[in-house]
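First comes the structure, then the notes that go with it.
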Amino acid sequence: MAEKNEYRYIGRNTPRTDGLAKVTGSALFSADIPAPRCLTGKILRSPHAHARILSIDTKKAEALPGVKAVVTGADAPVRYGILPVSQDEYPLAVDKVRFIGDEVAAVAAIDEATALQALDLIDVRYEVLTAILDPREALVRDDVKIQERTQEANIERRIHLVFGDMEKGFAEADYIREDRFFKDAASHAFLEPHSALAQFSDGKLTLRTSTQVPHYVQRALSKVLGIPADKIRVIKPVLGGGFGGKGEPLPLEFAASLLAIKSGQPVRITHSREEVFLTHRGRHPVEMTLKTGVKKDGTITAVQFNSLLDGGAYGSYGVVTMIYSGQLLTAPYRVPAFSFDSARVFTNKPPCGAQRGHGGVQPRFAFEVHLDRIAADLGIDPLEIRYHNAIEPDTVTVNELRITSCAFKECLDKVAEAVDWKEKRGKLPYGKGIGLAGGFYVTGAAYPIYANPMPHSQVQIRVDRDGGVTVFSGASDIGQGSDTLLVMIAAETLGIPEQSVRVVSADTETTPVDLGSYSSRVTFMAGNACRQASLEIRDRLLAACAAQLARNQKTLTITGGYLFEQGQEEPLMTFAEAAVLAEAAGVALCAMGSYRPPELAGSYKFGGVGPSPAYSFGAQTAEVEVDTETGEIRVTKIHCAHDLGFALNPLTASGQAEGAVVMGFGETLLEHHAFLPGGRHSGPNFLDYKVPTFLDVPEVDVTLVESVDPSGPYGAKEIGEGSLHPSLPAIVNAIYDAIGCWFHELPLTPEKVLAAIAKKKGVP
Amino acid sequence: MRTLKFILNGDPAETGVNDGETLLEVLRNRLGLTGTKQGCDQGECGSCTVLIDGKPVLSCLTLAVRVENRHVTTIEGLAEGGKLHPVQVSFHEKGAIQCGFCTPGMVLTAKALLDRNPHPTRNEIKDALAGNICRCTGYKKIVEAVEQAAKMMAEKADG
């Protein structure tokens with residue numbers, strides 16, 4: 001954090017603008033919004049992992065008193081999907097069901113009990129098909145097609161990219177190491193179950209839904225329902241965590257809309273916790289191999305990466321996940337030659353998609369452990385090998401990622417010092433250890449999900465006669481605090497107190513487009529748009545005041561809510577009076593700011609996935625204690641240093657990193673989104689899917705490192721996702737330091753630890 | 001259907017309920033108090049925590065008929081006369097809130113802890129709140145907020 005703060009509002013710990021509403025229970029989440037005559041919607045789900053639907057008879061359900069509407073796939077047989085290349089979902093199954101939990105039909109009734117009773121009365125006849133659950137089988141089974149669009153077996157997409165001279169890279173290497181890794185699925189497990197409230201009147205659909213991406217939901221609804229987008233209003237109420245799991249249009253949003261249209265009454269569908277797990281879209285299970293060449297001193301000469309992604313039943317964000325899995329391995333270390341081969345396959349399990357740290361988490365785990373193994377083989381200190389290969393600012397990676405601001409080395413320094421690396425690494429008693437890992441991540445994708453030439457974020461600002469300022473932004477605050485940041489940026493730029501600024505956000509009817517809360521783009525893009533709109537307003541106001549007061553505009557400033565003549569201690573007037581002066585002179589105090597990233601695409605196919613206007617960097621150390629009798633692993637402390645450019649709000653920024661570190665910790669040791677033979681989820685609840693509790697979590701110490709990015713708003717970059725990546729490998733590397741055993745598969749259980757200890761001791 | 005009478009946030013409350021209805025359902029659906037959250041409906045996440053006679057209880061696992069004549073406090077009833085409880089103040093100030101979905105249950109559980117143990121250690125705080133899951137914060141700032149609330153309450157008691 002900057003020692004000296006030249007700013008008045010930004011850079012200071014600022015409680016959230018919605019904090020008081022949330023702490024008093026008055027914040028309305030989607031499921032809380034009152035709606036007179038609202039019906040309860042419920043979804044009928046497939047009991048089969050793979051089956052053809054022969055017939056659906058809804059007559060008995062429709063005849064049940066209290067049932068107001070029943071819909072099936074026949075009501076909207078239009079495909080959609082978050083990616084233009086993966087339009088493979090229907091709101092409700094049309095031809096087949098592809099996983100246990102796939103949506104088949106939906107009912108709206110006067111209450112939940114009636115709706116559930118109606119589901120039981122829907123008669124669906126299935127022809128059960130062979131289910132494929134193993135991604136290796138999906139690679140080769142041509143006789144079973146989960147998605148008809150696949151050409152080869154059940155492979156959704158393959159990618160093969162080569163950068164630099166691989167042959168030369170490996171030829172120059174003094175040492176080459178190959179490893180295989182596996183990272184199993186994890187799920188977002190946000191606390192607020194998905195909920196969508198649809199209302200339809202006068203030909204217009206209004207959907208209040210727990211989404212991270214109102215704009216994309218509006219577009220998909222328009223396509224599927226055949227209603228013009230201007231007759232569809234999507235509002236994101238207060239949202240109870242997303243982490244990617246609410247980052248695309250979801251079946252319940254279509255089902256609620258269809259039921260509202262059919263019944264003529266408002267309909268709300270809220271997922272049960274079980275349905276949240278079945279909807280999934282979480283972390284892909286990924287099998288990975290790495291082959292890396294290094295010089296004797298640890299200099300990386302070439303990296304070859306292969307990955308196989310188990311995508312589940314639908315496309316979701318998977319093609320992007322697959323491309324990211326390779327694209328995000330060319331930093332934070334210099335890699336002069338890099339190649340990757342990846343495939344994403346369909347299996348009869350809930351679809352995987354984007355989850356916090358999207359695409360980079362699994363390969364980062366693999367690479368950082370692989371790098372530690374190389375260091376161990378060569379007798380190089382893990383810190384030293386990272387420092388030696390660390391990427392510098394203002395460089396271009398081998399796959400053409402443009403790196404501008406970068407304080408990776410400083411992050412390494414900070415955590416090494418905090419953990420006392422030189423004194424402790426390799427020197428702690430058996431059972432105790434420390435480990436290190438690095439990482440980096442995009443600050444927003446340089447290209448939108450659907451190709452278009454428009455801004456990625458627009459912000460409109462209006463000044464009222466009382467001096468109140470309203471910021472209109474499509475950005476979705478999903479808990480990360482983006483509304484608060486917009487207030488801070490507007491206040492700082494305009495020179496008025498934060499209390500004078502309010503934000504209206506994430507409503508497709510009243511706010512300009514922002515693409516949504518994903519890929520860590522909001523602070524950077526909506527922040528830049530907000531700053532631009534604020535500057536425009538300030539300039540207009542100062543020009544009007546200069547003209548009205550017969551002064552030079554350059555000598556006027558606004559500070560603390562007052563208009564000043566430079567050098568004078570007494571203000572000329574309040575901001576509100578200045579606004580009145582301008583308005584009386586016919587000046588409109590309303591402006592639009594926008595942000596679109598520069599052209600950054602690589603000069604190759606898929607070169608648009610990976611580039612970002614800025615990248616965050618980070619390093620973490622983990623301290624662990626392994627009980628060698630029980631195999632239990634206790635992570636006692638994690639130090640996290642993250643280069644976020646500039647900490648606009650250190651309070652919420654550190655909160656983001658603390659949450660991300662703990663999420664990474666959970667994925668490493670506790671969380672397992674697993675399936676039983678036959679494809680049933682092994683435990684779609686919080687007892688079986690163990691998210692960390694107060695009693696599990698390590699002490700987390702976050703250092704915010706500021707590189708001040710040249711194009712970020714006041715220098716800011718991302719922190720919410722990149723700070724997850726290093727947690728997993730730092731823990732695994734620390735366990736090696738503790739007990740001398742390497743682990744290549746996550747999640748890690750006490751059973752695996754005991755087996756590894758026994759194997760090391762030579763116990764059969 | 002029967003008539004349920006109890007004290008809700010200090011005031012008498014009366015509503016018709018079915019035998020099988022949970023306290024969570026009655027609060028949210030019949031009485032419109034949506035501050036109490038439904039996160040899992042299985043007693044696993046703690047989002048639905050309310051206080052019955054001052055003790056934290058999972059309202060999703062509590063049949064409504066069981067609160068007959070008892071005192072129920074929900075998040076809406078914690079502030080007194082518009083003045084926030086120290087736990088609420090400190091959650092807000094210390095950044096212990098992100099998405100806010102776990103917050104009502106977390107705040108009420110913390111309040112109950114401080115009522116019975118005004119000076120908890122860090123471990124006592126973690127033990128008391130262990131049944132409440134937060135997916136956003138990593139818990140650090142929540143522990144700090146409870147510590148600050150304890151301090152504020154102690155100062156108030158001294159002053």
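Convention: chains lettered A, B, ... in structure tokens order; per-chain residue numbering from 1; ligands numbered from 1 as shown.
Considering only chain B, backbone DSSP assigns strand (DSSP E) to Arg2, Thr3, Leu4, Lys5, Phe6, Ile7, Leu8, Asp11, Pro12, Ala13, Glu14, Thr15, Gly16, Val17, Thr49, Val50, Leu51, Ile52, Lys55, Pro56, Val57, Leu58, His71, Val72 and Thr73 of chain B.
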Write the residues of the preceding selection, restricted to C-alpha atoms, as a PDB file, in the first residue's frame.
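Output below, filename result.pdb:
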```pdb
ATOM      1  CA  ARG B   2     -53.198 -23.365  14.184  1.00  0.00           C
ATOM      2  CA  THR B   3     -52.572 -19.958  15.674  1.00  0.00           C
ATOM      3  CA  LEU B   4     -49.042 -19.204  16.783  1.00  0.00           C
ATOM      4  CA  LYS B   5     -48.374 -16.446  19.304  1.00  0.00           C
ATOM      5  CA  PHE B   6     -44.881 -15.373  20.171  1.00  0.00           C
ATOM      6  CA  ILE B   7     -42.726 -12.292  20.791  1.00  0.00           C
ATOM      7  CA  LEU B   8     -41.012 -11.198  17.587  1.00  0.00           C
ATOM      8  CA  ASP B  11     -43.424  -7.104  19.880  1.00  0.00           C
ATOM      9  CA  PRO B  12     -46.280  -9.575  20.130  1.00  0.00           C
ATOM     10  CA  ALA B  13     -46.812 -11.521  16.918  1.00  0.00           C
ATOM     11  CA  GLU B  14     -49.640 -13.759  15.858  1.00  0.00           C
ATOM     12  CA  THR B  15     -49.994 -15.837  12.720  1.00  0.00           C
ATOM     13  CA  GLY B  16     -51.644 -18.964  11.433  1.00  0.00           C
ATOM     14  CA  VAL B  17     -49.204 -21.789  10.751  1.00  0.00           C
ATOM     15  CA  THR B  49     -29.821 -18.329  12.220  1.00  0.00           C
ATOM     16  CA  VAL B  50     -32.183 -16.412  14.517  1.00  0.00           C
ATOM     17  CA  LEU B  51     -32.184 -16.017  18.281  1.00  0.00           C
ATOM     18  CA  ILE B  52     -34.766 -17.810  20.385  1.00  0.00           C
ATOM     19  CA  LYS B  55     -29.750 -18.349  21.844  1.00  0.00           C
ATOM     20  CA  PRO B  56     -28.790 -18.911  18.202  1.00  0.00           C
ATOM     21  CA  VAL B  57     -30.991 -21.452  16.471  1.00  0.00           C
ATOM     22  CA  LEU B  58     -31.235 -22.665  12.884  1.00  0.00           C
ATOM     23  CA  HIS B  71     -38.820 -14.470  22.212  1.00  0.00           C
ATOM     24  CA  VAL B  72     -37.535 -14.559  18.657  1.00  0.00           C
ATOM     25  CA  THR B  73     -34.983 -12.035  17.426  1.00  0.00           C
TER      26      THR B  73
END
```
Determine, for each residue of stretch 109-132 of chain B having at least one atom at most 9 Å from an atom of stretch 143-148 of chain B, the closest pair of atoms and their separation in Å to one decimal, counting only C-alpha atoms; order by chain and ascending number, as a Markdown table.
```
| residue | atom | partner | partner_atom | distance |
| --- | --- | --- | --- | --- |
| B:Ala110 | CA | B:Val146 | CA | 6.6 |
| B:Lys111 | CA | B:Val146 | CA | 8.5 |
| B:Leu114 | CA | B:Val146 | CA | 8.3 |
| B:His119 | CA | B:Glu147 | CA | 8.3 |
| B:Pro120 | CA | B:Glu147 | CA | 7.8 |
| B:Thr121 | CA | B:Glu147 | CA | 8.4 |
| B:Arg122 | CA | B:Val143 | CA | 7.1 |
| B:Ile125 | CA | B:Val143 | CA | 6.7 |
| B:Lys126 | CA | B:Val143 | CA | 7.2 |
```
Just the alpha helix (DSSP H) stuff from stretch 84-139 of chain A, please, per backbone DSSP, written as a PyMOL selection string.
-> chain A and resi 112-121+135-139
Save out the residues we just selected, N, CA and C atoms, as an mmCIF file, in the first residue's frame.
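Wrote part_27.cif, looks like this:
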```
data_model
loop_
_atom_site.group_PDB
_atom_site.id
_atom_site.type_symbol
_atom_site.label_atom_id
_atom_site.label_comp_id
_atom_site.auth_asym_id
_atom_site.auth_seq_id
_atom_site.Cartn_x
_atom_site.Cartn_y
_atom_site.Cartn_z
ATOM 1 N N GLU A 112 -45.333 -23.927 -2.924
ATOM 2 C CA GLU A 112 -44.266 -24.883 -3.197
ATOM 3 C C GLU A 112 -44.771 -26.329 -3.154
ATOM 4 N N ALA A 113 -45.618 -26.611 -2.173
ATOM 5 C CA ALA A 113 -46.104 -27.990 -2.016
ATOM 6 C C ALA A 113 -46.874 -28.421 -3.258
ATOM 7 N N THR A 114 -47.712 -27.533 -3.762
ATOM 8 C CA THR A 114 -48.496 -27.858 -4.956
ATOM 9 C C THR A 114 -47.576 -28.027 -6.164
ATOM 10 N N ALA A 115 -46.581 -27.164 -6.258
ATOM 11 C CA ALA A 115 -45.648 -27.252 -7.384
ATOM 12 C C ALA A 115 -44.883 -28.576 -7.350
ATOM 13 N N LEU A 116 -44.462 -28.980 -6.166
ATOM 14 C CA LEU A 116 -43.720 -30.243 -6.044
ATOM 15 C C LEU A 116 -44.621 -31.432 -6.362
ATOM 16 N N GLN A 117 -45.875 -31.343 -5.911
ATOM 17 C CA GLN A 117 -46.850 -32.403 -6.206
ATOM 18 C C GLN A 117 -47.065 -32.504 -7.719
ATOM 19 N N ALA A 118 -47.134 -31.359 -8.367
ATOM 20 C CA ALA A 118 -47.343 -31.332 -9.823
ATOM 21 C C ALA A 118 -46.160 -31.982 -10.556
ATOM 22 N N LEU A 119 -44.950 -31.750 -10.055
ATOM 23 C CA LEU A 119 -43.779 -32.365 -10.708
ATOM 24 C C LEU A 119 -43.924 -33.884 -10.729
ATOM 25 N N ASP A 120 -44.448 -34.417 -9.615
ATOM 26 C CA ASP A 120 -44.622 -35.875 -9.525
ATOM 27 C C ASP A 120 -45.637 -36.385 -10.546
ATOM 28 N N LEU A 121 -46.537 -35.516 -10.974
ATOM 29 C CA LEU A 121 -47.608 -35.936 -11.888
ATOM 30 C C LEU A 121 -47.205 -35.828 -13.354
ATOM 31 N N PRO A 135 -13.684 -39.010 -18.892
ATOM 32 C CA PRO A 135 -13.256 -38.183 -20.032
ATOM 33 C C PRO A 135 -12.369 -38.932 -21.028
ATOM 34 N N ARG A 136 -11.626 -39.925 -20.549
ATOM 35 C CA ARG A 136 -10.786 -40.727 -21.444
ATOM 36 C C ARG A 136 -11.659 -41.545 -22.401
ATOM 37 N N GLU A 137 -12.772 -42.028 -21.858
ATOM 38 C CA GLU A 137 -13.713 -42.780 -22.694
ATOM 39 C C GLU A 137 -14.382 -41.826 -23.690
ATOM 40 N N ALA A 138 -14.684 -40.630 -23.220
ATOM 41 C CA ALA A 138 -15.327 -39.637 -24.095
ATOM 42 C C ALA A 138 -14.449 -39.296 -25.294
ATOM 43 N N LEU A 139 -13.152 -39.401 -25.109
ATOM 44 C CA LEU A 139 -12.201 -39.087 -26.186
ATOM 45 C C LEU A 139 -12.316 -40.059 -27.353
#
```
Write out as CSV the residues of chain A that have any atom within 8 Å of an atom of chain B, one row each with the nearest atom pair and its distance in Å to one decimal, counting only C-alpha atoms, sorted by chain and then rising number.
```
residue,atom,partner,partner_atom,distance
A:Thr14,CA,B:Glu93,CA,7.9
A:Pro15,CA,B:Glu93,CA,5.5
A:Arg16,CA,B:His92,CA,7.3
A:Gly19,CA,B:His92,CA,5.4
A:Leu20,CA,B:His92,CA,6.5
A:Lys22,CA,B:Gly100,CA,5.5
A:Val23,CA,B:Gln88,CA,5.7
A:Thr24,CA,B:Glu76,CA,5.7
A:Gly25,CA,B:Gly35,CA,3.9
A:Ser26,CA,B:Gly35,CA,6.3
A:Ala27,CA,B:Gly35,CA,7.5
A:Leu28,CA,B:Thr34,CA,7.7
A:Asp32,CA,B:Thr34,CA,5.5
A:Ala189,CA,B:Arg135,CA,7.2
A:Phe190,CA,B:Arg135,CA,6.0
A:Leu191,CA,B:Gly39,CA,5.7
A:Glu192,CA,B:Gly39,CA,5.7
A:Pro193,CA,B:Gly39,CA,6.4
A:Val238,CA,B:Cys99,CA,7.9
A:Leu239,CA,B:Cys99,CA,6.3
A:Gly240,CA,B:Cys99,CA,4.8
A:Gly241,CA,B:Cys99,CA,5.4
A:Ser272,CA,B:Cys40,CA,6.7
A:Arg273,CA,B:Cys40,CA,4.9
A:Ile478,CA,B:Cys99,CA,6.3
A:Gly479,CA,B:Cys99,CA,3.6
A:Gln480,CA,B:Gln98,CA,6.1
A:Gly481,CA,B:Gln98,CA,7.0
A:Leu651,CA,B:Gly95,CA,6.2
A:Thr652,CA,B:Gly95,CA,6.5
A:Gly655,CA,B:Thr137,CA,5.8
A:Gln656,CA,B:Thr137,CA,6.9
A:Glu658,CA,B:Gly138,CA,5.4
A:Gly659,CA,B:Gly138,CA,4.2
A:Ala660,CA,B:Gly138,CA,7.4
A:Val661,CA,B:Gly138,CA,7.5
A:Val662,CA,B:Gly138,CA,5.2
A:Met663,CA,B:Gly138,CA,7.5
A:Asn685,CA,B:Cys40,CA,7.6
A:Phe686,CA,B:Glu44,CA,5.8
A:Leu687,CA,B:Glu44,CA,6.6
A:Val691,CA,B:Arg135,CA,7.7
A:Pro692,CA,B:Ile133,CA,7.7
A:Thr693,CA,B:Ile133,CA,5.9
A:Phe694,CA,B:Ala130,CA,5.2
A:Leu695,CA,B:Ala130,CA,6.2
A:Val697,CA,B:Gly138,CA,7.4
A:Glu699,CA,B:Lys140,CA,7.6
A:Val700,CA,B:Lys140,CA,7.3
```
Polymer residues at most 9 Å from A:Lys59, only C-alpha atoms, same-chain spacing of 4 or more positions, as number ranges by chain = A: 63-64, 121-123
How far is it from atom CA of A:Ser457 to atom CA of A:Leu401, in Å with one decimal?
-> 22.1 Å
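Taking atom CA of A:Gly474 and atom CA of A:Val504 as endpoints, the distance between them is 8.3 Å.
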Contact residues around A:Ala526 with only C-alpha atoms at 8 Å, ignoring same-chain residues under 3 positions, as a list in words | Ser457, Gln458, Val459, Ser473, Ala475, Leu486, Asp514, Arg521, Val522, Thr523, Ala529, Cys530, Ser594 and Tyr595 of chain A
Output N, CA and C atoms for every residue in the selection just made, as a PDB file, in the first residue's frame.
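Ended up saving to selection.pdb:
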```pdb
ATOM      1  N   SER A 457     -17.690  -1.335 -21.355  1.00  0.00           N
ATOM      2  CA  SER A 457     -18.368  -0.774 -20.191  1.00  0.00           C
ATOM      3  C   SER A 457     -18.664   0.697 -20.453  1.00  0.00           C
ATOM      4  N   GLN A 458     -19.860   1.078 -20.081  1.00  0.00           N
ATOM      5  CA  GLN A 458     -20.211   2.500 -20.167  1.00  0.00           C
ATOM      6  C   GLN A 458     -20.768   2.935 -18.822  1.00  0.00           C
ATOM      7  N   VAL A 459     -20.467   4.154 -18.475  1.00  0.00           N
ATOM      8  CA  VAL A 459     -20.980   4.707 -17.225  1.00  0.00           C
ATOM      9  C   VAL A 459     -21.523   6.090 -17.513  1.00  0.00           C
ATOM     10  N   SER A 473     -24.482   2.573 -13.895  1.00  0.00           N
ATOM     11  CA  SER A 473     -23.526   1.615 -14.446  1.00  0.00           C
ATOM     12  C   SER A 473     -24.166   0.239 -14.566  1.00  0.00           C
ATOM     13  N   ALA A 475     -22.519  -2.381 -14.389  1.00  0.00           N
ATOM     14  CA  ALA A 475     -21.655  -3.325 -13.672  1.00  0.00           C
ATOM     15  C   ALA A 475     -22.402  -4.008 -12.524  1.00  0.00           C
ATOM     16  N   LEU A 486     -17.161   2.487  -7.592  1.00  0.00           N
ATOM     17  CA  LEU A 486     -17.644   3.518  -8.514  1.00  0.00           C
ATOM     18  C   LEU A 486     -17.931   4.820  -7.765  1.00  0.00           C
ATOM     19  N   ASP A 514     -22.737  -2.825 -19.386  1.00  0.00           N
ATOM     20  CA  ASP A 514     -21.442  -3.303 -18.918  1.00  0.00           C
ATOM     21  C   ASP A 514     -21.532  -4.811 -19.122  1.00  0.00           C
ATOM     22  N   ARG A 521     -12.897  -7.975 -14.590  1.00  0.00           N
ATOM     23  CA  ARG A 521     -12.859  -6.844 -15.491  1.00  0.00           C
ATOM     24  C   ARG A 521     -13.470  -5.568 -14.926  1.00  0.00           C
ATOM     25  N   VAL A 522     -14.237  -5.644 -13.844  1.00  0.00           N
ATOM     26  CA  VAL A 522     -15.117  -4.531 -13.478  1.00  0.00           C
ATOM     27  C   VAL A 522     -14.362  -3.303 -12.962  1.00  0.00           C
ATOM     28  N   THR A 523     -13.452  -3.514 -12.012  1.00  0.00           N
ATOM     29  CA  THR A 523     -12.728  -2.365 -11.467  1.00  0.00           C
ATOM     30  C   THR A 523     -12.027  -1.609 -12.596  1.00  0.00           C
ATOM     31  N   ALA A 529     -14.382   3.796 -17.188  1.00  0.00           N
ATOM     32  CA  ALA A 529     -15.548   4.483 -17.771  1.00  0.00           C
ATOM     33  C   ALA A 529     -16.083   5.520 -16.800  1.00  0.00           C
ATOM     34  N   CYS A 530     -16.094   5.174 -15.517  1.00  0.00           N
ATOM     35  CA  CYS A 530     -16.599   6.091 -14.488  1.00  0.00           C
ATOM     36  C   CYS A 530     -15.694   7.313 -14.366  1.00  0.00           C
ATOM     37  N   SER A 594     -16.809   5.748 -21.322  1.00  0.00           N
ATOM     38  CA  SER A 594     -16.801   4.365 -21.782  1.00  0.00           C
ATOM     39  C   SER A 594     -15.393   3.809 -21.788  1.00  0.00           C
ATOM     40  N   TYR A 595     -15.310   2.489 -21.815  1.00  0.00           N
ATOM     41  CA  TYR A 595     -13.999   1.848 -21.904  1.00  0.00           C
ATOM     42  C   TYR A 595     -14.061   0.674 -22.868  1.00  0.00           C
TER      43      TYR A 595
END
```
